[in-house]
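Structure file target_37.pdb (PDB, C-alpha atoms) is printed below.
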```pdb
MODEL        1
ATOM      1  CA  MET A   5       0.000   0.000   0.000
ATOM      2  CA  SER A   6       2.726   2.461   1.048
ATOM      3  CA  SER A   7       4.853   2.135  -2.099
ATOM      4  CA  PHE A   8       1.640   2.259  -4.127
ATOM      5  CA  VAL A   9       0.836   5.692  -2.629
ATOM      6  CA  ALA A  10       4.323   7.030  -3.432
ATOM      7  CA  SER A  11       4.185   5.661  -6.962
ATOM      8  CA  MET A  12       0.785   7.258  -7.558
ATOM      9  CA  VAL A  13       2.084  10.687  -6.458
ATOM     10  CA  VAL A  14       5.466  10.508  -8.164
ATOM     11  CA  VAL A  15       3.982  10.520 -11.687
ATOM     12  CA  PRO A  16       2.032  13.829 -11.419
ATOM     13  CA  THR A  17       5.001  15.316  -9.517
ATOM     14  CA  ALA A  18       7.317  14.455 -12.397
ATOM     15  CA  LEU A  19       4.813  15.851 -14.901
ATOM     16  CA  ALA A  20       4.443  19.067 -12.883
ATOM     17  CA  LEU A  21       8.228  19.557 -12.981
ATOM     18  CA  ILE A  22       8.305  18.833 -16.709
ATOM     19  CA  SER A  23       5.511  21.353 -17.208
ATOM     20  CA  LEU A  24       7.412  23.983 -15.196
ATOM     21  CA  GLY A  25      10.536  23.264 -17.261
ATOM     22  CA  GLY A  26       8.569  23.813 -20.455
ATOM     23  CA  ALA A  27       7.098  27.031 -19.077
ATOM     24  CA  LEU A  28      10.542  28.340 -18.081
ATOM     25  CA  TYR A  29      11.883  27.472 -21.521
ATOM     26  CA  GLU A  30       8.984  29.241 -23.203
ATOM     27  CA  PHE A  31       9.283  32.333 -20.982
ATOM     28  CA  SER A  32      13.053  32.637 -21.306
ATOM     29  CA  VAL A  33      13.747  31.386 -24.843
ATOM     30  CA  VAL A  34      10.610  31.841 -26.962
ATOM     31  CA  ASP A  35       8.609  34.749 -25.494
ATOM     32  CA  PRO A  36      11.349  37.418 -25.532
ATOM     33  CA  PHE A  37      11.809  36.961 -29.283
ATOM     34  CA  TRP A  38       8.547  36.146 -31.027
ATOM     35  CA  PRO A  39       6.906  39.616 -30.751
ATOM     36  CA  HIS A  40       9.668  40.877 -33.090
ATOM     37  CA  ARG A  41       9.548  37.728 -35.225
ATOM     38  CA  PRO A  42       5.944  36.391 -35.221
ATOM     39  CA  ASP A  43       6.835  33.645 -37.696
ATOM     40  CA  ILE A  44       8.703  31.911 -34.852
ATOM     41  CA  ILE A  45       5.370  30.849 -33.303
ATOM     42  CA  GLN A  46       3.435  30.411 -36.554
ATOM     43  CA  PRO A  47       3.528  26.739 -37.584
ATOM     44  CA  GLY A  48       2.054  27.658 -40.958
ATOM     45  CA  ARG A  49       5.129  29.761 -41.673
ATOM     46  CA  GLY A  50       7.721  27.268 -40.503
ATOM     47  CA  GLY A  51       7.659  28.293 -36.857
ATOM     48  CA  ILE A  52       7.219  26.138 -33.783
ATOM     49  CA  SER A  53       3.979  24.609 -32.529
ATOM     50  CA  ARG A  54       3.609  25.212 -28.786
ATOM     51  CA  ARG A  55       0.427  23.164 -28.521
ATOM     52  CA  ARG A  56       2.445  20.093 -29.498
ATOM     53  CA  PHE A  57       4.053  20.289 -26.044
ATOM     54  CA  TRP A  58       1.296  21.745 -23.897
ATOM     55  CA  ILE A  59      -1.681  19.582 -24.893
ATOM     56  CA  PRO A  60      -0.082  16.193 -24.027
ATOM     57  CA  VAL A  61       1.767  17.473 -20.945
ATOM     58  CA  HIS A  62      -1.257  19.191 -19.392
ATOM     59  CA  THR A  63      -3.594  16.309 -20.210
ATOM     60  CA  ALA A  64      -1.213  13.728 -18.734
ATOM     61  CA  PHE A  65      -0.656  15.857 -15.608
ATOM     62  CA  GLU A  66      -4.374  16.358 -15.006
ATOM     63  CA  LEU A  67      -5.204  12.661 -15.414
ATOM     64  CA  ALA A  68      -2.287  11.610 -13.190
ATOM     65  CA  LEU A  69      -3.209  14.185 -10.538
ATOM     66  CA  LEU A  70      -6.820  13.006 -10.434
ATOM     67  CA  ALA A  71      -5.680   9.382 -10.131
ATOM     68  CA  ALA A  72      -3.297  10.359  -7.307
ATOM     69  CA  LEU A  73      -6.074  12.219  -5.510
ATOM     70  CA  VAL A  74      -8.342   9.178  -5.673
ATOM     71  CA  ALA A  75      -5.529   6.901  -4.446
ATOM     72  CA  THR A  76      -4.536   9.157  -1.535
ATOM     73  CA  TRP A  77      -7.937  10.470  -0.473
ATOM     74  CA  SER A  78      -7.698   8.702   2.885
ATOM     75  CA  LEU A  79      -4.327  10.359   3.671
ATOM     76  CA  PRO A  80      -5.018  13.970   4.744
ATOM     77  CA  ASP A  81      -1.335  15.054   4.722
ATOM     78  CA  VAL A  82      -0.938  14.024   1.088
ATOM     79  CA  ARG A  83      -4.441  15.013  -0.003
ATOM     80  CA  PHE A  84      -4.019  18.597   1.247
ATOM     81  CA  TRP A  85      -0.983  19.251  -0.989
ATOM     82  CA  LEU A  86      -2.570  17.589  -3.997
ATOM     83  CA  LEU A  87      -5.671  19.765  -3.589
ATOM     84  CA  VAL A  88      -3.460  22.880  -3.400
ATOM     85  CA  ALA A  89      -1.763  21.765  -6.633
ATOM     86  CA  LEU A  90      -5.109  21.085  -8.279
ATOM     87  CA  ALA A  91      -6.503  24.491  -7.248
ATOM     88  CA  SER A  92      -3.528  26.496  -8.548
ATOM     89  CA  HIS A  93      -3.411  24.456 -11.748
ATOM     90  CA  LEU A  94      -7.148  24.957 -12.322
ATOM     91  CA  VAL A  95      -6.834  28.735 -11.825
ATOM     92  CA  MET A  96      -3.979  28.799 -14.346
ATOM     93  CA  ARG A  97      -5.855  26.650 -16.863
ATOM     94  CA  ILE A  98      -9.121  28.593 -16.645
ATOM     95  CA  TRP A  99      -7.255  31.889 -16.951
ATOM     96  CA  SER A 100      -5.319  30.526 -19.939
ATOM     97  CA  PHE A 101      -8.433  29.150 -21.598
ATOM     98  CA  MET A 102     -10.388  32.386 -21.251
ATOM     99  CA  ASP A 103      -7.633  34.895 -21.900
ATOM    100  CA  PHE A 104      -4.285  33.655 -23.226
ATOM    101  CA  VAL A 105      -5.182  30.840 -25.602
ATOM    102  CA  PRO A 106      -7.628  32.763 -27.855
ATOM    103  CA  LYS A 107      -5.135  35.625 -28.203
ATOM    104  CA  ALA A 108      -2.234  33.246 -28.820
ATOM    105  CA  LEU A 109      -4.210  31.547 -31.590
ATOM    106  CA  ALA A 110      -4.929  34.949 -33.129
ATOM    107  CA  PHE A 111      -1.202  35.802 -33.040
ATOM    108  CA  GLU A 112      -0.400  32.476 -34.682
ATOM    109  CA  ARG A 113      -2.819  33.200 -37.543
ATOM    110  CA  ALA A 114      -1.977  36.897 -38.007
ATOM    111  CA  GLU A 115       0.014  38.227 -40.927
ATOM    112  CA  PRO A 116       3.521  38.930 -39.578
ATOM    113  CA  THR A 117       3.561  42.368 -41.188
ATOM    114  CA  SER A 118       0.220  43.449 -39.743
ATOM    115  CA  MET A 119       0.609  42.014 -36.244
ATOM    116  CA  ASP A 120       0.515  44.485 -33.365
ATOM    117  CA  ALA A 121       3.958  44.041 -31.748
ATOM    118  CA  ALA A 122       2.966  46.071 -28.690
ATOM    119  CA  ALA A 123      -0.020  43.785 -28.068
ATOM    120  CA  ALA A 124       2.233  40.760 -28.496
ATOM    121  CA  ARG A 125       4.758  42.131 -25.973
ATOM    122  CA  ALA A 126       1.899  42.858 -23.551
ATOM    123  CA  TRP A 127       0.729  39.248 -23.966
ATOM    124  CA  THR A 128       4.180  37.887 -23.122
ATOM    125  CA  ARG A 129       4.461  40.193 -20.075
ATOM    126  CA  ARG A 130       1.064  39.128 -18.740
ATOM    127  CA  SER A 131       1.844  35.506 -19.526
ATOM    128  CA  LEU A 132       4.720  35.722 -17.022
ATOM    129  CA  LEU A 133       2.087  36.065 -14.303
ATOM    130  CA  ARG A 134       1.168  32.431 -14.912
ATOM    131  CA  LEU A 135       4.629  31.322 -13.783
ATOM    132  CA  PRO A 136       3.927  31.831 -10.029
ATOM    133  CA  LEU A 137       0.848  29.600 -10.390
ATOM    134  CA  ASP A 138       2.984  26.929 -12.075
ATOM    135  CA  LEU A 139       5.500  27.270  -9.244
ATOM    136  CA  VAL A 140       2.789  26.826  -6.612
ATOM    137  CA  THR A 141       1.520  23.720  -8.422
ATOM    138  CA  CYS A 142       5.037  22.315  -8.598
ATOM    139  CA  LEU A 143       5.980  23.004  -4.982
ATOM    140  CA  ALA A 144       2.637  21.631  -3.766
ATOM    141  CA  MET A 145       3.253  18.442  -5.777
ATOM    142  CA  LEU A 146       6.766  18.101  -4.331
ATOM    143  CA  SER A 147       5.363  18.604  -0.827
ATOM    144  CA  GLY A 148       2.674  16.020  -1.535
ATOM    145  CA  PHE A 149       5.335  13.618  -2.801
ATOM    146  CA  ALA A 150       7.438  14.175   0.345
ATOM    147  CA  ALA A 151       4.342  13.552   2.476
ATOM    148  CA  ALA A 152       3.590  10.364   0.520
ATOM    149  CA  VAL A 153       7.156   9.118   1.041
ATOM    150  CA  LEU A 154       6.927   9.889   4.780
ATOM    151  CA  VAL A 155       3.736   7.871   5.199
ATOM    152  CA  SER A 156       5.334   5.011   3.245
TER     153      SER A 156
ATOM    154  CA  MET B   9      36.530  18.839  -6.814
ATOM    155  CA  ILE B  10      36.345  21.721  -4.360
ATOM    156  CA  THR B  11      32.607  21.210  -3.930
ATOM    157  CA  GLY B  12      33.181  17.501  -3.397
ATOM    158  CA  PHE B  13      35.894  17.975  -0.750
ATOM    159  CA  GLY B  14      33.785  20.610   0.988
ATOM    160  CA  ALA B  15      30.798  18.302   0.957
ATOM    161  CA  ALA B  16      32.891  15.395   2.296
ATOM    162  CA  TRP B  17      34.197  17.563   5.162
ATOM    163  CA  LEU B  18      30.683  18.678   6.052
ATOM    164  CA  MET B  19      29.503  15.057   5.841
ATOM    165  CA  ARG B  20      31.967  14.042   8.563
ATOM    166  CA  HIS B  21      30.780  16.796  10.891
ATOM    167  CA  TRP B  22      27.082  17.070  10.151
ATOM    168  CA  ARG B  23      24.893  14.206   9.100
ATOM    169  CA  SER B  24      21.139  14.469   8.901
ATOM    170  CA  ARG B  25      18.188  13.505   6.788
ATOM    171  CA  VAL B  26      17.762  17.117   5.690
ATOM    172  CA  GLN B  27      21.361  17.131   4.463
ATOM    173  CA  ALA B  28      20.790  14.002   2.364
ATOM    174  CA  ASN B  29      17.403  15.077   1.022
ATOM    175  CA  THR B  30      18.161  18.705   0.117
ATOM    176  CA  PRO B  31      20.560  18.047  -2.800
ATOM    177  CA  LEU B  32      18.296  15.234  -4.015
ATOM    178  CA  PHE B  33      15.296  17.577  -3.942
ATOM    179  CA  LEU B  34      17.256  20.253  -5.852
ATOM    180  CA  ALA B  35      18.596  17.724  -8.358
ATOM    181  CA  ILE B  36      15.075  16.398  -9.014
ATOM    182  CA  LEU B  37      13.933  19.984  -9.538
ATOM    183  CA  ALA B  38      16.802  20.806 -11.920
ATOM    184  CA  ILE B  39      16.571  17.570 -13.933
ATOM    185  CA  GLY B  40      12.777  17.895 -14.088
ATOM    186  CA  LEU B  41      13.073  21.406 -15.482
ATOM    187  CA  MET B  42      15.674  20.220 -17.961
ATOM    188  CA  THR B  43      13.451  17.327 -19.053
ATOM    189  CA  GLY B  44      10.509  19.673 -19.623
ATOM    190  CA  ALA B  45      12.630  22.135 -21.548
ATOM    191  CA  GLY B  46      14.226  19.322 -23.571
ATOM    192  CA  LEU B  47      10.850  17.854 -24.494
ATOM    193  CA  MET B  48       9.535  21.248 -25.502
ATOM    194  CA  TYR B  49      12.643  21.970 -27.583
ATOM    195  CA  GLY B  50      12.579  18.567 -29.292
ATOM    196  CA  TRP B  51       8.866  18.434 -30.055
ATOM    197  CA  MET B  52       8.611  22.028 -31.202
ATOM    198  CA  MET B  53      11.689  21.832 -33.400
ATOM    199  CA  ALA B  54      10.606  18.487 -34.873
ATOM    200  CA  ALA B  55       7.184  19.951 -35.690
ATOM    201  CA  ALA B  56       8.762  23.017 -37.286
ATOM    202  CA  LEU B  57      11.178  20.904 -39.341
ATOM    203  CA  ASN B  58       8.309  18.797 -40.679
ATOM    204  CA  GLU B  59       6.594  21.884 -42.059
ATOM    205  CA  PRO B  60       7.211  22.295 -45.794
ATOM    206  CA  SER B  61       7.301  26.047 -45.269
ATOM    207  CA  THR B  62      10.161  25.907 -42.762
ATOM    208  CA  THR B  63      12.785  28.558 -43.321
ATOM    209  CA  GLY B  64      16.205  28.752 -41.715
ATOM    210  CA  ALA B  65      15.441  32.215 -40.428
ATOM    211  CA  ALA B  66      12.602  31.162 -38.114
ATOM    212  CA  LEU B  67      14.523  28.230 -36.675
ATOM    213  CA  SER B  68      17.835  29.978 -36.217
ATOM    214  CA  ALA B  69      16.093  32.802 -34.351
ATOM    215  CA  LEU B  70      15.253  30.246 -31.668
ATOM    216  CA  MET B  71      18.580  28.456 -31.493
ATOM    217  CA  TRP B  72      20.835  31.071 -29.958
ATOM    218  CA  PRO B  73      18.546  31.947 -26.983
ATOM    219  CA  ALA B  74      18.432  28.238 -26.046
ATOM    220  CA  VAL B  75      22.206  28.159 -25.488
ATOM    221  CA  PRO B  76      22.410  30.259 -22.263
ATOM    222  CA  PHE B  77      19.329  28.488 -20.883
ATOM    223  CA  TYR B  78      21.118  25.127 -20.972
ATOM    224  CA  ILE B  79      24.503  26.536 -19.963
ATOM    225  CA  VAL B  80      23.025  27.977 -16.742
ATOM    226  CA  LEU B  81      21.139  24.781 -15.828
ATOM    227  CA  ASN B  82      23.968  22.381 -16.708
ATOM    228  CA  SER B  83      26.667  24.471 -15.033
ATOM    229  CA  ALA B  84      24.695  24.613 -11.777
ATOM    230  CA  ILE B  85      24.140  20.853 -11.895
ATOM    231  CA  GLU B  86      27.711  19.928 -12.865
ATOM    232  CA  LEU B  87      29.637  22.295 -10.610
ATOM    233  CA  LEU B  88      27.620  22.138  -7.442
ATOM    234  CA  LEU B  89      24.659  19.860  -7.265
ATOM    235  CA  LEU B  90      26.019  16.477  -8.339
ATOM    236  CA  ALA B  91      28.984  16.550  -5.960
ATOM    237  CA  LEU B  92      26.735  17.462  -3.022
ATOM    238  CA  LEU B  93      24.223  14.838  -4.106
ATOM    239  CA  VAL B  94      26.763  12.013  -4.218
ATOM    240  CA  PHE B  95      28.814  12.963  -1.127
ATOM    241  CA  TRP B  96      25.823  13.697   1.082
ATOM    242  CA  ASN B  97      24.122  10.460   0.140
ATOM    243  CA  TRP B  98      27.172   8.203   0.158
ATOM    244  CA  ASP B  99      26.456   6.526   3.486
ATOM    245  CA  THR B 100      22.687   6.277   3.005
ATOM    246  CA  ASP B 101      20.656   3.153   2.239
ATOM    247  CA  TRP B 102      22.529   1.180  -0.470
ATOM    248  CA  ARG B 103      19.518   1.122  -2.814
ATOM    249  CA  ARG B 104      19.185   4.897  -2.607
ATOM    250  CA  ARG B 105      22.927   5.347  -3.148
ATOM    251  CA  ALA B 106      22.905   2.951  -6.123
ATOM    252  CA  LEU B 107      20.035   4.834  -7.791
ATOM    253  CA  ILE B 108      21.748   8.194  -7.241
ATOM    254  CA  VAL B 109      25.074   6.935  -8.593
ATOM    255  CA  ALA B 110      23.271   5.443 -11.611
ATOM    256  CA  GLY B 111      21.520   8.770 -12.239
ATOM    257  CA  VAL B 112      24.770  10.717 -11.977
ATOM    258  CA  ALA B 113      26.562   8.248 -14.268
ATOM    259  CA  VAL B 114      23.860   8.564 -16.926
ATOM    260  CA  TYR B 115      23.995  12.345 -16.555
ATOM    261  CA  PHE B 116      27.720  12.358 -17.345
ATOM    262  CA  VAL B 117      27.176  10.038 -20.329
ATOM    263  CA  MET B 118      24.636  12.547 -21.576
ATOM    264  CA  ARG B 119      27.018  15.467 -21.068
ATOM    265  CA  LEU B 120      29.850  13.600 -22.807
ATOM    266  CA  TRP B 121      27.574  12.833 -25.758
ATOM    267  CA  THR B 122      26.639  16.519 -25.905
ATOM    268  CA  TYR B 123      30.236  17.731 -25.891
ATOM    269  CA  LEU B 124      31.427  15.172 -28.442
ATOM    270  CA  VAL B 125      28.554  15.266 -30.939
ATOM    271  CA  PHE B 126      26.259  18.263 -30.552
ATOM    272  CA  ALA B 127      27.783  21.207 -28.714
ATOM    273  CA  GLU B 128      30.276  22.589 -31.198
ATOM    274  CA  ALA B 129      28.163  22.237 -34.334
ATOM    275  CA  ARG B 130      24.988  23.545 -32.725
ATOM    276  CA  LEU B 131      26.812  26.535 -31.272
ATOM    277  CA  ASP B 132      28.200  27.188 -34.721
ATOM    278  CA  ILE B 133      24.885  27.009 -36.570
ATOM    279  CA  ALA B 134      23.171  29.006 -33.810
ATOM    280  CA  SER B 135      25.420  31.964 -34.584
ATOM    281  CA  HIS B 136      24.143  32.485 -38.130
ATOM    282  CA  THR B 137      21.001  32.030 -40.205
ATOM    283  CA  LEU B 138      20.531  28.387 -41.084
ATOM    284  CA  SER B 139      21.307  27.355 -44.627
ATOM    285  CA  ALA B 140      19.582  24.437 -46.369
ATOM    286  CA  ALA B 141      22.580  22.241 -45.475
ATOM    287  CA  ASP B 142      22.353  23.320 -41.811
ATOM    288  CA  ILE B 143      18.650  22.434 -41.726
ATOM    289  CA  GLU B 144      19.420  19.026 -43.205
ATOM    290  CA  TRP B 145      22.174  18.437 -40.609
ATOM    291  CA  PHE B 146      19.866  19.629 -37.854
ATOM    292  CA  LYS B 147      17.102  17.266 -39.053
ATOM    293  CA  GLN B 148      19.489  14.316 -39.044
ATOM    294  CA  THR B 149      20.929  15.039 -35.609
ATOM    295  CA  LEU B 150      17.481  15.695 -34.156
ATOM    296  CA  ALA B 151      16.347  12.281 -35.398
ATOM    297  CA  SER B 152      19.284  10.581 -33.642
ATOM    298  CA  ASP B 153      19.247  12.791 -30.551
ATOM    299  CA  PHE B 154      18.074  10.449 -27.815
ATOM    300  CA  ARG B 155      19.453  12.541 -24.965
ATOM    301  CA  ILE B 156      15.909  13.205 -23.840
ATOM    302  CA  ALA B 157      15.591   9.460 -23.105
ATOM    303  CA  LEU B 158      18.719   9.691 -20.927
ATOM    304  CA  ASN B 159      17.247  12.768 -19.273
ATOM    305  CA  VAL B 160      14.041  10.879 -18.471
ATOM    306  CA  ALA B 161      16.125   7.950 -17.143
ATOM    307  CA  ILE B 162      18.080  10.257 -14.790
ATOM    308  CA  PHE B 163      14.822  11.809 -13.644
ATOM    309  CA  ALA B 164      13.348   8.351 -12.950
ATOM    310  CA  PHE B 165      16.465   7.210 -11.013
ATOM    311  CA  LEU B 166      16.388  10.290  -8.797
ATOM    312  CA  LEU B 167      12.640  10.088  -8.179
ATOM    313  CA  MET B 168      12.962   6.417  -7.218
ATOM    314  CA  ALA B 169      15.870   7.302  -4.910
ATOM    315  CA  ALA B 170      13.660   9.885  -3.216
ATOM    316  CA  CYS B 171      11.162   7.137  -2.396
ATOM    317  CA  ILE B 172      13.795   5.410  -0.236
ATOM    318  CA  PRO B 173      14.486   7.022   3.167
ATOM    319  CA  PRO B 174      18.198   7.819   3.729
ATOM    320  CA  TRP B 175      18.677   5.609   6.754
ATOM    321  CA  GLN B 176      16.891   2.695   8.349
ATOM    322  CA  VAL B 177      17.518   2.685  12.118
ATOM    323  CA  ARG B 178      16.755  -0.416  14.123
ATOM    324  CA  ASP B 179      14.592   0.203  17.156
ATOM    325  CA  GLU B 180      15.982  -2.059  19.902
ATOM    326  CA  SER B 181      12.760  -1.954  21.939
ATOM    327  CA  ASP B 182      10.467  -3.743  19.554
ATOM    328  CA  GLY B 183      12.872  -4.923  16.903
ATOM    329  CA  GLU B 184      11.165  -3.001  14.070
ATOM    330  CA  ALA B 185      13.086  -0.798  11.680
ATOM    331  CA  TYR B 186      12.124   2.813  11.472
ATOM    332  CA  THR B 187      13.506   5.770   9.606
ATOM    333  CA  ARG B 188      14.969   8.933  11.046
TER     334      ARG B 188
ENDMDL
END
```
Target format structure tokens, applied to this file:
Amino acid sequence: MSSFVASMVVVPTALALISLGGALYEFSVVDPFWPHRPDIIQPGRGGISRRRFWIPVHTAFELALLAALVATWSLPDVRFWLLVALASHLVMRIWSFMDFVPKALAFERAEPTSMDAAAARAWTRRSLLRLPLDLVTCLAMLSGFAAAVLVS
Amino acid sequence: MITGFGAAWLMRHWRSRVQANTPLFLAILAIGLMTGAGLMYGWMMAAALNEPSTTGAALSALMWPAVPFYIVLNSAIELLLLALLVFWNWDTDWRRRALIVAGVAVYFVMRLWTYLVFAEARLDIASHTLSAADIEWFKQTLASDFRIALNVAIFAFLLMAACIPPWQVRDESDGEAYTR
């Protein structure tokens, strides 16, 4: 039972760290440059496709987190941290879905010459505000993992 | 070397579970971030390269900024974290130590592979707009670049090591082992 609990929590923890790594990479490598060069994030013009990373990583994390929550529901010390992670992740996802994703899709479809660079820079600046939520999710998952190992 | 000797000296004078777990926690964090970044880099670049409309200009614009990102992460891991991780976990449970040593060994294989095969050429092509020949070389090396698998293996070794408490102490009163 004990190693089962740890193994159920370790998967979403790993995925949360991978997600944070992707976010850091995007914030530090991609976002500072694409407002000047929109074709970088336009797959139709030979640029990169960010959804190719985010859709599988977020889906896998959410499924693994839900499975971990079900498996550890009877362990309050673990459950608390997983619920914190779920809450911060949900806030980030809902905010992204309602605000960031539609605008990102519009930037990906826009003509590079007619795209509003100031609006794109504003998007990247506001997008940075999602990083603290990712950090909270990650640290909560690590705390939940530590709690799961301690009860093992 | 200096980090290692410093860590060994501290190990003799101060031994605790926090000391063993802290570098492991930080290493898991660093390798996890590197795995996420590596996956994003690989998948995004592969998708871009498969586009018929791919131009060298769009790809090369993304190559140079990736260099400092990896230099910072790898330098922190190589210079500080791995020595602390190994020295401060050397006298822990043998299974935990074995997993950590395996993770560190695979990490150095990955770094060696990078230095021998990828580093020089990628630094070179990152400094100018990619030509058609550069894109072809990049496509070929991306197809045979399995470092992300090594990265995932290191990550798995360290996460498994974290599941094993550093020390098992035998409780004389009831004969059961417990961890401290």
Q | Sel. within 9 Å of pt (-4.1, 12.4, -0.5), counting all atoms listed in the file, output as a PyMOL selection string | A | chain A and resi 9+13+72-87+148+152
Those selected residues, please, written with C-alpha atoms and delivered as a PDB file, in the coordinates of the input.
```
ATOM      1  CA  VAL A   9       0.836   5.692  -2.629  1.00  0.00           C
ATOM      2  CA  VAL A  13       2.084  10.687  -6.458  1.00  0.00           C
ATOM      3  CA  ALA A  72      -3.297  10.359  -7.307  1.00  0.00           C
ATOM      4  CA  LEU A  73      -6.074  12.219  -5.510  1.00  0.00           C
ATOM      5  CA  VAL A  74      -8.342   9.178  -5.673  1.00  0.00           C
ATOM      6  CA  ALA A  75      -5.529   6.901  -4.446  1.00  0.00           C
ATOM      7  CA  THR A  76      -4.536   9.157  -1.535  1.00  0.00           C
ATOM      8  CA  TRP A  77      -7.937  10.470  -0.473  1.00  0.00           C
ATOM      9  CA  SER A  78      -7.698   8.702   2.885  1.00  0.00           C
ATOM     10  CA  LEU A  79      -4.327  10.359   3.671  1.00  0.00           C
ATOM     11  CA  PRO A  80      -5.018  13.970   4.744  1.00  0.00           C
ATOM     12  CA  ASP A  81      -1.335  15.054   4.722  1.00  0.00           C
ATOM     13  CA  VAL A  82      -0.938  14.024   1.088  1.00  0.00           C
ATOM     14  CA  ARG A  83      -4.441  15.013  -0.003  1.00  0.00           C
ATOM     15  CA  PHE A  84      -4.019  18.597   1.247  1.00  0.00           C
ATOM     16  CA  TRP A  85      -0.983  19.251  -0.989  1.00  0.00           C
ATOM     17  CA  LEU A  86      -2.570  17.589  -3.997  1.00  0.00           C
ATOM     18  CA  LEU A  87      -5.671  19.765  -3.589  1.00  0.00           C
ATOM     19  CA  GLY A 148       2.674  16.020  -1.535  1.00  0.00           C
ATOM     20  CA  ALA A 152       3.590  10.364   0.520  1.00  0.00           C
TER      21      ALA A 152
END
```
**Q.** Expansion of the PyMOL selection byres ((chain A and resi 142) around 8) into residues, as a ChimeraX atom specification
**A.** /A:17,20-21,24,89,138-141,143-146
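Restricting the calculation to all atoms listed in the file, the smallest distance between Ala108 (chain A) and any of A:His62, A:Arg41, A:Arg54, A:Arg49 is found for A:Arg54.
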Q | Residue neighbourhood Ile79 (chain B), 12 Å, all atoms listed in the file, exclusion window fewer than 5 positions, as a PyMOL selection string | A | chain B and resi 42+72-74+84-87+119+122+127+131
Show which residues sit within 9 Å of Pro174 (chain B), as a PDB file with C-alpha atoms, keeping the file's coordinate frame. Count only C-alpha atoms, and ignore same-chain residues fewer than 3 positions away.
```pdb
ATOM      1  CA  SER B  24      21.139  14.469   8.901  1.00  0.00           C
ATOM      2  CA  ARG B  25      18.188  13.505   6.788  1.00  0.00           C
ATOM      3  CA  ALA B  28      20.790  14.002   2.364  1.00  0.00           C
ATOM      4  CA  ASN B  29      17.403  15.077   1.022  1.00  0.00           C
ATOM      5  CA  ASN B  97      24.122  10.460   0.140  1.00  0.00           C
ATOM      6  CA  ASP B  99      26.456   6.526   3.486  1.00  0.00           C
ATOM      7  CA  THR B 100      22.687   6.277   3.005  1.00  0.00           C
ATOM      8  CA  ASP B 101      20.656   3.153   2.239  1.00  0.00           C
ATOM      9  CA  TRP B 102      22.529   1.180  -0.470  1.00  0.00           C
ATOM     10  CA  ARG B 104      19.185   4.897  -2.607  1.00  0.00           C
ATOM     11  CA  ARG B 105      22.927   5.347  -3.148  1.00  0.00           C
ATOM     12  CA  ALA B 169      15.870   7.302  -4.910  1.00  0.00           C
ATOM     13  CA  ALA B 170      13.660   9.885  -3.216  1.00  0.00           C
ATOM     14  CA  THR B 187      13.506   5.770   9.606  1.00  0.00           C
ATOM     15  CA  ARG B 188      14.969   8.933  11.046  1.00  0.00           C
TER      16      ARG B 188
END
```
(Q) Just want the 9 Å neighbourhood of Leu89 (chain B), counted on all atoms listed in the file, with same-chain residues fewer than 3 positions away dropped. Output as a PyMOL selection string. (A) chain B and resi 11+31-32+34-35+84-86+92-94
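One distance worth recording is that between CA of Ala140 (chain B) and CA of Gln46 (chain A), which is 19.8 Å.
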Padding 4 Å on each side, edges along x, y and z: where is the centre of the box around the listed atoms of region 69-77 of chain A, and how long are its edges in Å to one decimal? Output it as JSON.
```
{"center_x": -5.8, "center_y": 10.5, "center_z": -5.5, "size_x": 13.1, "size_y": 15.3, "size_z": 18.1}
```
(Q) Can you tell me which residues surround region 122-126 of chain A at a distance of at most 7 Å, considering all atoms listed in the file, apart from same-chain residues fewer than 3 positions away, and format the answer as number ranges by chain? (A) A: 39, 129-130
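With CA of Pro16 (chain A) on one side and CA of Leu69 (chain A) on the other, the separation reads 5.3 Å.
Atom pair CA of Ala134 (chain B) / CA of Arg134 (chain A) has a distance of 29.2 Å (rounded to one decimal).
Closest to Leu158 (chain B) among B:Leu124, B:Ala141, B:Val112, B:Leu107 is B:Val112, based on all atoms listed in the file.
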Q) Restricting the calculation to only C-alpha atoms, which member of A:Ser118, A:Arg113, A:Thr63, A:Asp35 is positioned closest to Ser131 (chain A)? A) A:Asp35
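Excluding Ala129 (chain B) itself and same-chain residues fewer than 6 positions from it, the residues having an atom within 12 Å of it are Met71, Thr122, Tyr123, Ser135, His136, Leu138, Asp142, Trp145, Phe146 and Thr149 of chain B, counting all atoms listed in the file.
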Can you write out the residues you just picked, keeping C-alpha atoms, as a PDB file, in the frame of the given file?
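Written output follows (out.pdb):
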```pdb
ATOM      1  CA  MET B  71      18.580  28.456 -31.493  1.00  0.00           C
ATOM      2  CA  THR B 122      26.639  16.519 -25.905  1.00  0.00           C
ATOM      3  CA  TYR B 123      30.236  17.731 -25.891  1.00  0.00           C
ATOM      4  CA  SER B 135      25.420  31.964 -34.584  1.00  0.00           C
ATOM      5  CA  HIS B 136      24.143  32.485 -38.130  1.00  0.00           C
ATOM      6  CA  LEU B 138      20.531  28.387 -41.084  1.00  0.00           C
ATOM      7  CA  ASP B 142      22.353  23.320 -41.811  1.00  0.00           C
ATOM      8  CA  TRP B 145      22.174  18.437 -40.609  1.00  0.00           C
ATOM      9  CA  PHE B 146      19.866  19.629 -37.854  1.00  0.00           C
ATOM     10  CA  THR B 149      20.929  15.039 -35.609  1.00  0.00           C
TER      11      THR B 149
END
```
